[in-house]
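Shown next: query.tsv, given as TSV, C-alpha atoms.
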chain	number	residue	atom	x	y	z
A	42	ASN	CA	-5.21	11.98	-7.73
A	43	ALA	CA	-2.22	11.15	-5.47
A	44	GLY	CA	-4.02	11.56	-2.09
A	45	VAL	CA	-1.43	11.42	0.70
A	46	THR	CA	2.21	11.05	-0.34
A	47	GLN	CA	4.95	10.09	2.12
A	48	THR	CA	8.69	10.15	1.53
A	49	PRO	CA	10.89	8.22	1.91
A	50	LYS	CA	9.30	4.75	1.82
A	51	PHE	CA	12.22	3.10	3.60
A	52	GLN	CA	15.08	4.42	5.73
A	53	VAL	CA	17.80	2.97	7.92
A	54	LEU	CA	19.46	5.22	10.49
A	55	LYS	CA	22.10	4.82	13.13
A	56	THR	CA	21.33	5.70	16.74
A	57	GLY	CA	21.73	9.44	17.26
A	58	GLN	CA	21.18	10.45	13.64
A	59	SER	CA	18.41	12.85	12.71
A	60	MET	CA	15.94	12.80	9.87
A	61	THR	CA	12.69	14.32	8.65
A	62	LEU	CA	9.78	12.36	7.25
A	63	GLN	CA	7.79	14.28	4.67
A	64	CYS	CA	4.05	14.17	4.04
A	65	ALA	CA	1.93	16.01	1.50
A	66	GLN	CA	-1.79	15.81	0.69
A	67	ASP	CA	-3.64	17.15	-2.33
A	68	MET	CA	-7.22	16.83	-1.03
A	69	ASN	CA	-7.43	20.30	0.53
A	70	HIS	CA	-7.89	18.74	3.99
A	71	ASN	CA	-7.60	20.91	7.07
A	72	SER	CA	-6.27	18.28	9.52
A	73	MET	CA	-3.14	16.16	9.27
A	74	TYR	CA	-1.77	13.42	11.52
A	75	TRP	CA	1.34	11.37	12.19
A	76	TYR	CA	1.02	7.82	13.57
A	77	ARG	CA	3.41	5.01	14.30
A	78	GLN	CA	2.43	1.36	13.89
A	79	ASP	CA	4.12	-1.39	15.87
A	80	PRO	CA	3.17	-5.09	15.96
A	81	GLY	CA	0.20	-5.79	18.22
A	82	MET	CA	-0.31	-2.11	19.07
A	83	GLY	CA	-2.44	-0.75	16.25
A	84	LEU	CA	-1.78	2.87	15.30
A	85	ARG	CA	-0.63	5.35	17.93
A	86	LEU	CA	-0.96	9.07	17.36
A	87	ILE	CA	2.32	10.99	17.63
A	88	TYR	CA	1.25	14.53	16.69
A	89	TYR	CA	-1.59	16.12	14.81
A	90	SER	CA	-2.41	19.44	13.24
A	91	ALA	CA	-6.09	20.37	13.35
A	92	SER	CA	-5.55	23.24	10.92
A	93	GLU	CA	-2.75	25.18	9.27
A	94	GLY	CA	-0.69	26.95	11.91
A	95	THR	CA	-1.55	24.63	14.82
A	96	THR	CA	0.03	21.43	16.13
A	97	ASP	CA	-0.77	19.29	19.17
A	98	LYS	CA	0.70	16.28	20.92
A	99	GLY	CA	-0.87	12.86	20.58
A	100	GLU	CA	-0.32	9.73	22.67
A	101	VAL	CA	3.42	9.23	22.04
A	102	PRO	CA	5.10	12.58	21.19
A	103	ASN	CA	8.40	12.14	23.04
A	104	GLY	CA	11.43	12.19	20.74
A	105	TYR	CA	9.56	13.78	17.85
A	106	ASN	CA	8.85	17.25	16.50
A	107	VAL	CA	6.50	18.35	13.75
A	108	SER	CA	6.05	21.26	11.39
A	109	ARG	CA	2.87	22.17	9.52
A	110	LEU	CA	4.63	23.91	6.67
A	111	ASN	CA	1.44	24.91	4.86
A	112	LYS	CA	-2.01	23.42	4.33
A	113	ARG	CA	-0.60	20.62	2.16
A	114	GLU	CA	2.52	19.58	4.05
A	115	PHE	CA	3.16	18.16	7.53
A	116	SER	CA	6.63	16.90	8.43
A	117	LEU	CA	7.84	14.71	11.31
A	118	ARG	CA	11.38	15.09	12.63
A	119	LEU	CA	13.46	12.74	14.73
A	120	GLU	CA	16.23	14.85	16.26
A	121	SER	CA	18.27	11.99	17.75
A	122	ALA	CA	16.99	8.61	16.61
A	123	ALA	CA	16.76	5.75	19.10
A	124	PRO	CA	16.18	2.02	18.45
A	125	SER	CA	12.77	2.33	20.18
A	126	GLN	CA	11.69	4.54	17.29
A	127	THR	CA	12.02	1.68	14.82
A	128	SER	CA	8.52	1.48	13.39
A	129	VAL	CA	6.30	2.10	10.39
A	130	TYR	CA	5.16	5.71	10.27
A	131	PHE	CA	1.91	6.77	8.65
A	132	CYS	CA	0.72	10.22	7.74
A	133	ALA	CA	-3.01	10.89	7.36
A	134	SER	CA	-5.25	13.79	6.48
A	135	SER	CA	-8.92	14.57	7.03
A	136	ASN	CA	-11.42	17.37	7.06
A	137	ILE	CA	-11.88	19.03	10.38
A	138	HIS	CA	-14.93	17.16	11.72
A	139	SER	CA	-14.07	13.94	13.57
A	140	ASN	CA	-16.65	11.81	11.72
A	141	GLN	CA	-14.86	12.35	8.46
A	142	PRO	CA	-12.57	9.55	7.23
A	143	GLN	CA	-8.84	9.78	7.52
A	144	HIS	CA	-6.90	9.20	4.31
A	145	PHE	CA	-3.56	7.52	4.85
A	146	GLY	CA	-0.31	7.44	2.96
A	147	ASP	CA	1.48	4.15	2.30
A	148	GLY	CA	3.88	4.58	5.21
A	149	THR	CA	7.59	4.98	5.87
A	150	ARG	CA	9.38	1.93	7.22
A	151	LEU	CA	12.11	3.22	9.53
A	152	SER	CA	14.83	1.11	11.16
A	153	ILE	CA	17.17	2.51	13.80
A	154	LEU	CA	20.32	0.46	14.37
B	48	THR	CA	-6.46	7.20	28.76
B	49	GLN	CA	-8.92	5.87	26.22
B	50	LEU	CA	-8.14	2.34	25.02
B	51	LEU	CA	-9.73	0.16	22.38
B	52	GLU	CA	-9.21	-3.59	22.65
B	53	GLN	CA	-9.87	-5.76	19.63
B	54	SER	CA	-10.47	-9.49	19.66
B	55	PRO	CA	-9.40	-11.83	18.40
B	56	GLN	CA	-5.91	-10.60	17.62
B	57	PHE	CA	-5.45	-13.23	14.89
B	58	LEU	CA	-7.99	-15.24	12.93
B	59	SER	CA	-7.41	-17.86	10.24
B	60	ILE	CA	-10.51	-19.35	8.61
B	61	GLN	CA	-11.58	-21.24	5.52
B	62	GLU	CA	-13.31	-19.55	2.61
B	63	GLY	CA	-17.07	-19.50	3.12
B	64	GLU	CA	-17.00	-19.35	6.92
B	65	ASN	CA	-18.52	-16.54	8.95
B	66	LEU	CA	-16.63	-14.52	11.55
B	67	THR	CA	-17.06	-11.67	14.02
B	68	VAL	CA	-14.44	-9.21	15.22
B	69	TYR	CA	-14.99	-7.22	18.39
B	70	CYS	CA	-13.84	-3.77	19.45
B	71	ASN	CA	-14.34	-2.93	23.14
B	72	SER	CA	-13.64	0.00	25.43
B	73	SER	CA	-14.63	1.34	28.82
B	74	SER	CA	-14.90	4.81	27.24
B	75	VAL	CA	-17.80	6.30	25.32
B	76	PHE	CA	-17.05	7.42	21.77
B	77	SER	CA	-19.06	9.90	19.73
B	78	SER	CA	-18.39	7.80	16.63
B	79	LEU	CA	-16.40	4.78	15.58
B	80	GLN	CA	-14.73	3.89	12.32
B	81	TRP	CA	-13.55	0.58	10.87
B	82	TYR	CA	-10.57	0.40	8.54
B	83	ARG	CA	-8.91	-2.40	6.57
B	84	GLN	CA	-5.19	-2.40	5.94
B	85	GLU	CA	-3.27	-4.53	3.45
B	86	PRO	CA	0.49	-5.19	3.59
B	87	GLY	CA	2.60	-2.24	2.51
B	88	GLU	CA	-0.34	0.15	2.43
B	89	GLY	CA	-2.12	2.53	4.76
B	90	PRO	CA	-5.52	1.78	6.32
B	91	VAL	CA	-8.60	2.41	4.17
B	92	LEU	CA	-11.92	3.40	5.70
B	93	LEU	CA	-14.74	0.83	5.52
B	94	VAL	CA	-17.48	2.53	7.55
B	95	THR	CA	-18.29	5.12	10.20
B	96	VAL	CA	-20.99	4.46	12.84
B	97	VAL	CA	-22.33	7.36	14.87
B	98	THR	CA	-25.55	6.42	16.67
B	99	GLY	CA	-25.75	3.92	19.55
B	100	GLY	CA	-27.27	0.67	18.24
B	101	GLU	CA	-26.60	1.62	14.62
B	102	VAL	CA	-26.12	-1.20	12.12
B	103	LYS	CA	-24.51	-0.64	8.73
B	104	LYS	CA	-24.00	-3.15	5.95
B	105	LEU	CA	-21.33	-3.11	3.27
B	106	LYS	CA	-21.97	-6.11	0.98
B	107	ARG	CA	-21.02	-9.14	3.15
B	108	LEU	CA	-19.76	-6.98	6.06
B	109	THR	CA	-22.11	-5.92	8.86
B	110	PHE	CA	-21.01	-3.31	11.39
B	111	GLN	CA	-22.76	-2.58	14.67
B	112	PHE	CA	-22.21	0.18	17.23
B	113	GLY	CA	-23.10	-0.74	20.79
B	114	ASP	CA	-26.09	0.91	22.44
B	115	ALA	CA	-23.81	2.63	24.95
B	116	ARG	CA	-21.32	3.62	22.23
B	117	LYS	CA	-18.49	1.81	24.03
B	118	ASP	CA	-18.12	-1.15	21.69
B	119	SER	CA	-18.56	-2.28	18.13
B	120	SER	CA	-18.51	-5.45	16.08
B	121	LEU	CA	-17.73	-6.40	12.51
B	122	HIS	CA	-19.36	-9.53	11.11
B	123	ILE	CA	-18.28	-11.03	7.79
B	124	THR	CA	-20.56	-13.51	6.09
B	125	ALA	CA	-19.09	-16.15	3.76
B	126	ALA	CA	-15.54	-14.86	3.98
B	127	GLN	CA	-13.44	-14.75	0.83
B	128	PRO	CA	-9.64	-14.64	0.34
B	129	GLY	CA	-10.02	-11.00	-0.71
B	130	ASP	CA	-11.16	-10.21	2.85
B	131	THR	CA	-7.66	-11.03	4.15
B	132	GLY	CA	-6.05	-8.09	5.91
B	133	LEU	CA	-5.67	-6.18	9.17
B	134	TYR	CA	-8.94	-4.77	10.51
B	135	LEU	CA	-8.71	-1.72	12.76
B	136	CYS	CA	-11.39	0.05	14.73
B	137	ALA	CA	-10.93	3.70	15.69
B	138	GLY	CA	-12.99	5.73	18.16
B	139	ALA	CA	-13.33	9.49	18.10
B	140	GLY	CA	-11.03	10.60	20.92
B	141	GLY	CA	-11.67	14.27	20.58
B	142	THR	CA	-12.82	16.74	17.94
B	143	TYR	CA	-9.87	16.21	15.66
B	144	LYS	CA	-8.44	12.81	16.45
B	145	TYR	CA	-9.16	9.10	16.70
B	146	ILE	CA	-7.88	6.39	19.06
B	147	PHE	CA	-7.08	3.20	17.18
B	148	GLY	CA	-7.64	-0.34	18.39
B	149	THR	CA	-4.97	-3.01	18.57
B	150	GLY	CA	-6.08	-4.65	15.30
B	151	THR	CA	-7.33	-8.05	14.14
B	152	ARG	CA	-5.29	-9.84	11.52
B	153	LEU	CA	-7.57	-11.98	9.34
B	154	LYS	CA	-6.45	-14.64	6.90
B	155	VAL	CA	-9.00	-16.38	4.71
B	156	LEU	CA	-7.77	-19.58	3.14
B	157	ALA	CA	-9.03	-20.69	-0.29
Serialized structure, structure tokens:
Amino acid sequence: NAGVTQTPKFQVLKTGQSMTLQCAQDMNHNSMYWYRQDPGMGLRLIYYSASEGTTDKGEVPNGYNVSRLNKREFSLRLESAAPSQTSVYFCASSNIHSNQPQHFGDGTRLSIL
Amino acid sequence: TQLLEQSPQFLSIQEGENLTVYCNSSSVFSSLQWYRQEPGEGPVLLVTVVTGGEVKKLKRLTFQFGDARKDSSLHITAAQPGDTGLYLCAGAGGTYKYIFGTGTRLKVLA
């Protein structure tokens, strides 16, 4: 059972380049999330999708877009990467009720030069 | 804006010692979760507390939710090197999302 799979694991971009981070879950979860993790700041929510067909902004959505492609897949796109977006990005999934645990992928380490 | 402050930010202790990590907020949360994260991996859920004053135990780890549901603590008894990692608390910030704390990085020395 793979759980939550993120690709790629590492990426280096130049300022202004675009890229899409991919996330897929095989647990039949309704909700999916994108976070970024920076030193001393815990995890900050970028966007989330409560259910297939819906997406909502989190705490730090500026500079990002998302697509809930289907129930399994939730992608995060950086249209014009900036050095401030250098971070580790985590995707998570959960069932719809907030007391349910979130299951996380292993992260994508992204560096913007 | 809901914020969760964790303390201490870093903790280095000897094997066998006890420790407590705190998670504090001025906001009320309907539930609170604790996660542990190891290098190169995503966080893994340890426990969810829902009721004010609730205490849950997971082997040598004891979790408590404050009576007012604004704070929580994690106590580890007789810490072991395998307890090393980043501990994160997360409060329910709405029906579908959690607000994460700033994290406590624990290192247990053998």
Spatial neighbours of A:Phe145, max dist 7 Å, all atoms listed in the file, sep filter under 6 positions, as a short mmCIF file (atom, residue, chain, number, x, y, z; two decimals) with C-alpha atoms, in the frame of the given file:
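Contents of selection.cif, freshly written:
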data_model
loop_
_atom_site.label_atom_id
_atom_site.label_comp_id
_atom_site.auth_asym_id
_atom_site.auth_seq_id
_atom_site.Cartn_x
_atom_site.Cartn_y
_atom_site.Cartn_z
CA VAL A 45 -1.43 11.42 0.70
CA PHE A 131 1.91 6.77 8.65
CA CYS A 132 0.72 10.22 7.74
CA ALA A 133 -3.01 10.89 7.36
CA SER A 134 -5.25 13.79 6.48
CA GLY B 89 -2.12 2.53 4.76
CA PRO B 90 -5.52 1.78 6.32
#
Env of stretch 52-66 of chain A: 7 Å cut, atoms = only C-alpha atoms, seq-sep filter 5 positions within chain, self excluded. Answer as a VMD selection string. chain A and resid 44 to 47 113 to 124 132 150 to 154
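Using all atoms listed in the file, the part of chain B that sits within 8 Å of chain A is made up of Gln56, Ser78, Gln80, Gly87, Glu88, Gly89, Pro90, Val91, Leu92, Thr95, Val97, Leu135, Ala139, Gly141, Thr142, Tyr143, Lys144, Tyr145, Ile146, Phe147, Gly148, Thr149 and Gly150 of chain B.
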Okay, now the selection with C-alpha atoms, as a PDB file, in the coordinates of the input?
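Writing the result to selection37.pdb gives the following:
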ATOM      1  CA  GLN B  56      -5.910 -10.600  17.620  1.00  0.00           C
ATOM      2  CA  SER B  78     -18.390   7.800  16.630  1.00  0.00           C
ATOM      3  CA  GLN B  80     -14.730   3.890  12.320  1.00  0.00           C
ATOM      4  CA  GLY B  87       2.600  -2.240   2.510  1.00  0.00           C
ATOM      5  CA  GLU B  88      -0.340   0.150   2.430  1.00  0.00           C
ATOM      6  CA  GLY B  89      -2.120   2.530   4.760  1.00  0.00           C
ATOM      7  CA  PRO B  90      -5.520   1.780   6.320  1.00  0.00           C
ATOM      8  CA  VAL B  91      -8.600   2.410   4.170  1.00  0.00           C
ATOM      9  CA  LEU B  92     -11.920   3.400   5.700  1.00  0.00           C
ATOM     10  CA  THR B  95     -18.290   5.120  10.200  1.00  0.00           C
ATOM     11  CA  VAL B  97     -22.330   7.360  14.870  1.00  0.00           C
ATOM     12  CA  LEU B 135      -8.710  -1.720  12.760  1.00  0.00           C
ATOM     13  CA  ALA B 139     -13.330   9.490  18.100  1.00  0.00           C
ATOM     14  CA  GLY B 141     -11.670  14.270  20.580  1.00  0.00           C
ATOM     15  CA  THR B 142     -12.820  16.740  17.940  1.00  0.00           C
ATOM     16  CA  TYR B 143      -9.870  16.210  15.660  1.00  0.00           C
ATOM     17  CA  LYS B 144      -8.440  12.810  16.450  1.00  0.00           C
ATOM     18  CA  TYR B 145      -9.160   9.100  16.700  1.00  0.00           C
ATOM     19  CA  ILE B 146      -7.880   6.390  19.060  1.00  0.00           C
ATOM     20  CA  PHE B 147      -7.080   3.200  17.180  1.00  0.00           C
ATOM     21  CA  GLY B 148      -7.640  -0.340  18.390  1.00  0.00           C
ATOM     22  CA  THR B 149      -4.970  -3.010  18.570  1.00  0.00           C
ATOM     23  CA  GLY B 150      -6.080  -4.650  15.300  1.00  0.00           C
TER      24      GLY B 150
END
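For the atom pair formed by atom CA of B:Ala137 and atom CA of B:Leu51, the distance is 7.7 Å, given to one decimal.
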Can you work out the spacing between atom CA of A:Ala43 and atom CA of A:Asn69 in Å, to one decimal?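 Those two atoms sit 12.1 Å apart.
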Please list as an MDAnalysis selection string every residue within 9 Å of B:Ala115, counting all atoms listed in the file and excluding residues in the same chain fewer than 6 positions away. chainID B and resid 75:76 99:100
Could the residues in this selection be saved with C-alpha atoms as a PDB file, in the coordinates of the input?
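Full text of selection_9.pdb as output:
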ATOM      1  CA  VAL B  75     -17.800   6.300  25.320  1.00  0.00           C
ATOM      2  CA  PHE B  76     -17.050   7.420  21.770  1.00  0.00           C
ATOM      3  CA  GLY B  99     -25.750   3.920  19.550  1.00  0.00           C
ATOM      4  CA  GLY B 100     -27.270   0.670  18.240  1.00  0.00           C
TER       5      GLY B 100
END
Point (-11.0, -8.0, -1.4) neighbourhood (12 Å, all atoms listed in the file) written as a tab-separated table (two decimals) with C-alpha atoms, in the frame of the given file:
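Saved the output as point_23.tsv:
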chain	number	residue	atom	x	y	z
B	83	ARG	CA	-8.91	-2.40	6.57
B	84	GLN	CA	-5.19	-2.40	5.94
B	85	GLU	CA	-3.27	-4.53	3.45
B	93	LEU	CA	-14.74	0.83	5.52
B	106	LYS	CA	-21.97	-6.11	0.98
B	107	ARG	CA	-21.02	-9.14	3.15
B	108	LEU	CA	-19.76	-6.98	6.06
B	126	ALA	CA	-15.54	-14.86	3.98
B	127	GLN	CA	-13.44	-14.75	0.83
B	128	PRO	CA	-9.64	-14.64	0.34
B	129	GLY	CA	-10.02	-11.00	-0.71
B	130	ASP	CA	-11.16	-10.21	2.85
B	131	THR	CA	-7.66	-11.03	4.15
B	132	GLY	CA	-6.05	-8.09	5.91
B	133	LEU	CA	-5.67	-6.18	9.17
B	153	LEU	CA	-7.57	-11.98	9.34
B	154	LYS	CA	-6.45	-14.64	6.90
B	155	VAL	CA	-9.00	-16.38	4.71
Sel. within 8 Å of pt (-17.4, 0.7, 17.1), counting only C-alpha atoms, output as a list in words: Cys70, Asn71, Ser78, Leu79, Gln80, Trp81, Val96, Phe110, Gln111, Phe112, Gly113, Arg116, Lys117, Asp118, Ser119, Ser120, Cys136, Ala137 and Gly138 of chain B
Restricted to C-alpha atoms, what would the selected residues look like written as a PDB file, keeping the file's coordinate frame?
ATOM      1  CA  CYS B  70     -13.840  -3.770  19.450  1.00  0.00           C
ATOM      2  CA  ASN B  71     -14.340  -2.930  23.140  1.00  0.00           C
ATOM      3  CA  SER B  78     -18.390   7.800  16.630  1.00  0.00           C
ATOM      4  CA  LEU B  79     -16.400   4.780  15.580  1.00  0.00           C
ATOM      5  CA  GLN B  80     -14.730   3.890  12.320  1.00  0.00           C
ATOM      6  CA  TRP B  81     -13.550   0.580  10.870  1.00  0.00           C
ATOM      7  CA  VAL B  96     -20.990   4.460  12.840  1.00  0.00           C
ATOM      8  CA  PHE B 110     -21.010  -3.310  11.390  1.00  0.00           C
ATOM      9  CA  GLN B 111     -22.760  -2.580  14.670  1.00  0.00           C
ATOM     10  CA  PHE B 112     -22.210   0.180  17.230  1.00  0.00           C
ATOM     11  CA  GLY B 113     -23.100  -0.740  20.790  1.00  0.00           C
ATOM     12  CA  ARG B 116     -21.320   3.620  22.230  1.00  0.00           C
ATOM     13  CA  LYS B 117     -18.490   1.810  24.030  1.00  0.00           C
ATOM     14  CA  ASP B 118     -18.120  -1.150  21.690  1.00  0.00           C
ATOM     15  CA  SER B 119     -18.560  -2.280  18.130  1.00  0.00           C
ATOM     16  CA  SER B 120     -18.510  -5.450  16.080  1.00  0.00           C
ATOM     17  CA  CYS B 136     -11.390   0.050  14.730  1.00  0.00           C
ATOM     18  CA  ALA B 137     -10.930   3.700  15.690  1.00  0.00           C
ATOM     19  CA  GLY B 138     -12.990   5.730  18.160  1.00  0.00           C
TER      20      GLY B 138
END
With all atoms listed in the file as the counted atoms, please give the residues lying no more than 8 Å from B:Thr151, apart from itself and same-chain residues fewer than 5 positions off, as a list of chain:residue names.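 Non-adjacent residues within range: B:Gln53, B:Ser54, B:Pro55, B:Gln56, B:Phe57, B:Leu58, B:Val68, B:Leu133, B:Tyr134, B:Leu135.
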If you measure from atom CA of A:Val101 to atom CA of B:Arg152, what distance in Å do you get, rounded to one decimal? 23.5 Å
